[in-house]
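J.: Below you will find the structure I want to go over with you.
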Amino acid sequence: MKNLKKSFIAILLLFWCGIAVYGWHLTREDAGSSSLKNVVLGYQAGDEFYISKIRGQFVKKMKAKGYNVKFKEFQNGAAMMQALASGNVDYARVGDTPPVSALASGTKLTYVAAGGTKAKGSGILIHKNSSIKTLADLKGKKVAYTKGTSSQYMLLRALKVAGLSNDDITWVNLDSDAASVAYSKGKVDAWANWDPSVAQVEITENSKLLVDGTTTKALNRSFIVSPTTYASKNKTLSKLIIKYTEQDMKWANKNHSKLIKKMSADLKLSKKVVRRSVTRRTFSMKAMSKSVVKEEQEIANVFYDNNILTKKIDVSKHVQYLK
Amino acid sequence: MPQKLLEISKVGKSYGNSVILSDANLVINEGEFIALVGMSGGGKSTLLRMLAGLEETSAGSIIQDGNKIHGLNKEARVMFQEDRLLPWMNVIDNVLLDKKGKQAVSEATELLEQVELEQYAKQFPSQLSGGQRQRVALARALMSHPRLLLLDEPLGALDALTRTKMQDLIRKVCQDKAITTFLVTHDINEAVRMADRIAIIKNGTIWRIVDNPYRGKESLIDKEKEVEISEEILAEILD
Amino acid sequence: MENIETNENYHFSFKFKNSLPWLIPVFLIVFWQVACNLSWVNETLLPSPIDVVTNGIKLFKKGELQENMSISLYRATAGLLIGGGLGFILGFINGVSRRARLLFDSTIQMLRNIPHLALIPLIILWLGIGESAKISLVALGCLFPMYINTYHGITSVDPKLIEMGKSYELSKKDLFIKVIFPGALPTILMGVRYALGVMWTTLIVAETISASSGIGYMSTNAEQFMDMKTIVLCILIYALLGKLSDFIAKNLEDIFLEWRAIERRNTDASETSGDK
Ligand SMILES: Nc1ncnc2c1ncn2[C@@H]1O[C@H](COP(=O)(O)OP(=O)(O)O)[C@@H](O)[C@H]1O
Ligand SMILES: [Mg+2]
């Protein structure tokens, strides 16, 4: 009896160790080959780098140029900025707000490229049967947003467009999961959010955007940022990344159905939701231009004016115009 | 003329300001069974621990075979009041302790036979009664072939019947093996039943030593003498 | 005849007793399924057990489930071995050496009071976001319970037994192997059990640091897209893994501390029956 127990536990432990060793092998697999120079790209599911990753051409082309590309997925922009600050990510694909916050907190980063916007898929969600009909109706309402993300900027811009002051609404700071529950339960009246979550809510919660980025000018543009010292040493590499990503973006714009199929499987969202979010944006990736720098500067200014940032930032000092 | 094994001379011991022993003198002869009796807290255990080398003397000296005892007395083995068996080892492993090999095992088995516990060899101490456990402790002490066996009230926690049986067993084993034995007890009857000589500790010193030539004899007269001696010792202690 | 009957009764009650701990979980799962079938709960907020299981099978067929599980198991085990081992060594050194205790203990006690999860930003900055960061975090979590239990176990071994060992001329090595370590083992194994618990909770958090694999990643990734089936699946997997490690720990105790079980069984008996 006792021996039986002993051998049973021994087998169980052996099994445990065997599986753990297998797991160790799995983590080693993506360690990559050594002769190539490693480049780490940080991305979030569904973004431009994600497309390059799933299409698969990018890695091959980079390999031909002597680079071993590693993709690292992040749950949000803030985490990615932290990894960037510690030099664990060479290029990060982020939204328009996290780099501004990171710059304010002293991270030395450089804008390398600018992507398309999600203007049509970013805005303030309301239920279709909501009493809120116009922007002005937001007065006195509870609006969910997530501090330090694009949603905060969207909401600030929307209030400005509506001619309301910041105190005219109740700001409810929630992370996206909590916000989603609060919104569906009617605990908040509106929700500042962006795609693909917006598309998902529009479809499953019978909702619509009260206002989107085309009106608020909170465009929710994509950027690629890099640690400043890294960026200044790797201009050729940066140009390659822009070039190949842009090729993938062109592919994405032409091959919606393939993209939608893959994305809906990976993001575990219905095709309908993915289709809506994909069709209302245009993918692109270009070198930085004066006009997008102005957009970023505007965010920095608005955040500074609203005491969200304690430091004034001159975005143009952190930009590389690669031609 | 008996051979002298150990000489306690002018031994004193104090903890801080409290003096436990002062000027204690005693000679222990080779092969004898000597008991030390006295009031509780009188310093019996302290003296025994000094003989074992578990405690240093504050004054005087303990000489064994012409050498002053300093540090552990390797010729002595102690049987404590508590059995101090290792609860995670079975009986035979407790007897063996760090000794290995076929020879040692057969010797340990033999010792267990002598203390009538051979069938308990594979049991754990917790499966044994108090008396049985003390017998294991005795076997363990004998396993190292000590010249001097130090017993610190090893039977104190046992019931009267078991005690009597154990007293006879210990006495017999020690006599068979001709081991010098030093028994600390607060039970005068036990001392008289077991020891050839009985030392009385009082006022921090060895107050008197009583010979006990009538020990273990069969005749009624000897039994009466034993009672007499017990009463004499008791009177001496209480005086 | 009568004897046999009581025996059977005994067997029956024995089996019944064995199944008793499972009664509430089984009941809860059945109730949950029924509640879902009758639409008492919103399926998007709480999917039914069958949905969760089919989702699990689907993920298994895709290979995702077992890959993520093995990676999690690797991180957990590596962290436990490193942290637990370090905790054991430190606890051992401090338990045995007075000087080491004076030197290290108060510092360790001070560090112990920092919640190890609060160190995530530091760990990211120092070690990055690779495997080493996650494993270090788990190791950090496992270190303290092992340290404290080893230290406490060793220092609270009955000094009378140690004195016995010394007076019976045990070598330093034997004194440790035969007296101190077995005496401390019950407390150390308790530390192992506790460390196993901490290991899983830390791992969940560790795997949200930019992981692209592991059960924690599966769960946070699903959370982002409100994929409730996978979230619940991950929670169930954690519950099962937790239960499994607890089961192993308990059985290790049974195997290594057989003497204690016997002791417990015998305390009452010897108290009532007196001397044999
Ligand atoms: N380590 C110690 N420190 C201080 N006092 C002690 C110590 N050991 C024993 N004593 C004291 O010495 C006295 C004698 O103790 P002990 O030798 O155990 O007496 P006995 O065994 O005769 O009952 C007691 O009063 C006890 O409190
Ligand atoms: Mg005493």
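Quick note on naming: the chains in the structure tokens go A, B, ... in the order shown, residues restart at 1 in each chain, and ligands are numbered from 1 in order of appearance.
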Using only C-alpha atoms and all ligand atoms, determine which residues fall within 7 Å of ligand 1, then list them as a ChimeraX atom specification.

T.: /B:15,20,38-47

J.: Could you save those same residues with C-alpha atoms as a PDB file, in the first residue's frame?

T.:
ATOM      1  CA  TYR B  15      25.079  29.659  37.972  1.00  0.00           C
ATOM      2  CA  ILE B  20      24.447  24.777  43.447  1.00  0.00           C
ATOM      3  CA  GLY B  38      18.856  14.007  47.672  1.00  0.00           C
ATOM      4  CA  MET B  39      16.139  16.581  47.552  1.00  0.00           C
ATOM      5  CA  SER B  40      14.829  17.761  44.263  1.00  0.00           C
ATOM      6  CA  GLY B  41      16.816  20.754  43.036  1.00  0.00           C
ATOM      7  CA  GLY B  42      19.745  19.670  45.176  1.00  0.00           C
ATOM      8  CA  GLY B  43      22.175  19.539  42.252  1.00  0.00           C
ATOM      9  CA  LYS B  44      22.089  15.793  41.468  1.00  0.00           C
ATOM     10  CA  SER B  45      21.563  16.269  37.749  1.00  0.00           C
ATOM     11  CA  THR B  46      24.135  19.007  37.715  1.00  0.00           C
ATOM     12  CA  LEU B  47      26.759  16.716  39.182  1.00  0.00           C
TER      13      LEU B  47
END

J.: Give as number ranges by chain every residue of chain A that touches chain C within 8 Å, counting only C-alpha atoms.

T.: A: 2, 5-6, 9, 16-17, 19-24, 26-27, 72-75, 79-80, 82-83, 85-88, 176-177, 197, 267-269

J.: Would you please give, as number ranges by chain, all residues of segment 34-189 of chain A that DSSP assigns to helix (DSSP H, G or I) based on the backbone?

T.: A: 48-55, 57-64, 77-85, 98-104, 119-121, 135-138, 150-162, 166-168, 176-184

J.: For segment 118-131 of chain B, list every protein, DNA or RNA residue within 9 Å, evaluated using only C-alpha atoms, and leave out those in the same chain fewer than 3 positions away; present the list as a ChimeraX atom specification.

T.: /B:83,85-94,109-115,134-136,155,157-159,162-163,166 /C:259-260,262-267,270,274-276

J.: Tell me, as a ChimeraX atom specification, which residues lie within 12 Å of Ala182 of chain A, counting only C-alpha atoms; anything in the same chain fewer than 5 positions away does not count.

T.: /A:142-145,172-177,187-191

J.: Fewer than 5 positions away in the same chain doesn't count, so skip those; otherwise give me all residues within 7 Å of Lys229 of chain C, counting only C-alpha atoms, as a count of residues only.

T.: 4

J.: Measure the distance from atom CA of Ala35 of chain B to atom CA of Gly12 of chain B in Å and round it to one decimal.

T.: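 Answer for the atom CA of Ala35 of chain B to atom CA of Gly12 of chain B separation: 19.5 Å.
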
J.: For the structure I just gave you, how does DSSP split segment 83-183 of chain B - specifically, which residues are strand (DSSP E or B)? Reply as a list in words.

T.: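 For segment 83-183 of chain B, the strand (DSSP E or B) set is Leu148, Leu149, Leu150, Leu151, Asp152, Thr180, Thr181, Phe182 and Leu183 of chain B.
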
J.: May I have the residues within 12 Å of Leu209 of chain A as a VMD selection string, using only C-alpha atoms and disregarding those fewer than 5 positions away in the same chain?

T.: chain A and resid 119 to 128 130 132 to 135 158 190 to 195 197 to 203 214 to 216

J.: Please list as a list of chain:residue names every residue within 12 Å of Leu161 of chain C, counting only C-alpha atoms and excluding residues in the same chain fewer than 5 positions away.

T.: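 Within the cut-off, the hits are B:Phe80, B:Glu82, B:Asp83, B:Arg84, B:Leu85, B:Leu86, B:Pro87, B:Trp88, B:Asn94, C:Ser156, C:Lys166, C:Ser167, C:Tyr168, C:Leu170, C:Leu175, C:Phe176, C:Lys178, C:Val179, C:Ile180, C:Phe181, C:Pro182, C:Gly183.
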
J.: Emit the selected residues as a CSV table (one decimal), in the first residue's frame, including C-alpha atoms.

T.:
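Final output, part.csv:
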chain,number,residue,atom,x,y,z
B,80,PHE,CA,18.3,10.8,30.6
B,82,GLU,CA,13.2,11.5,29.2
B,83,ASP,CA,14.1,8.6,26.9
B,84,ARG,CA,15.3,11.0,24.2
B,85,LEU,CA,14.7,8.5,21.5
B,86,LEU,CA,14.6,9.9,17.9
B,87,PRO,CA,10.9,9.6,17.0
B,88,TRP,CA,11.6,9.3,13.3
B,94,ASN,CA,17.7,4.3,17.6
C,156,SER,CA,13.0,24.6,16.9
C,166,LYS,CA,26.3,15.3,20.9
C,167,SER,CA,26.8,13.3,24.1
C,168,TYR,CA,26.6,10.1,22.0
C,170,LEU,CA,27.6,11.9,16.7
C,175,LEU,CA,24.0,15.0,13.9
C,176,PHE,CA,22.5,16.9,11.0
C,178,LYS,CA,20.0,11.9,11.9
C,179,VAL,CA,18.8,14.5,14.3
C,180,ILE,CA,18.4,18.1,13.0
C,181,PHE,CA,17.2,17.5,9.5
C,182,PRO,CA,14.5,14.9,10.3
C,183,GLY,CA,13.4,17.0,13.3

J.: Any idea what the distance is between atom CA of Gly87 of chain C and atom CA of Arg101 of chain C?

T.: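 That distance, rounded to one decimal, is 13.6 Å.
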
J.: How far is it from atom CA of Asp212 of chain A to atom CA of Lys118 of chain A, in Å with one decimal?

T.: 9.2 Å

J.: Have a look at B:Asp187, B:Asp211, B:Glu75, B:Asp98 and name the one nearest to chain C; count only C-alpha atoms.

T.: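 Nearest candidate to chain C out of B:Asp187, B:Asp211, B:Glu75, B:Asp98: B:Asp98.
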
J.: Which residue is closest to Val184 of chain B? Choose from B:Ile170, B:Ile200, B:Ile69, B:Leu142 and count only C-alpha atoms.

T.: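 Residue with the minimum atom-to-atom distance to Val184 of chain B: B:Ile200.
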
J.: I'd like to know which of B:Ile62, B:Arg133, B:Leu21, B:Val37 is closest to chain C, using only C-alpha atoms.

T.: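 Distance minimum relative to chain C lands on B:Arg133.
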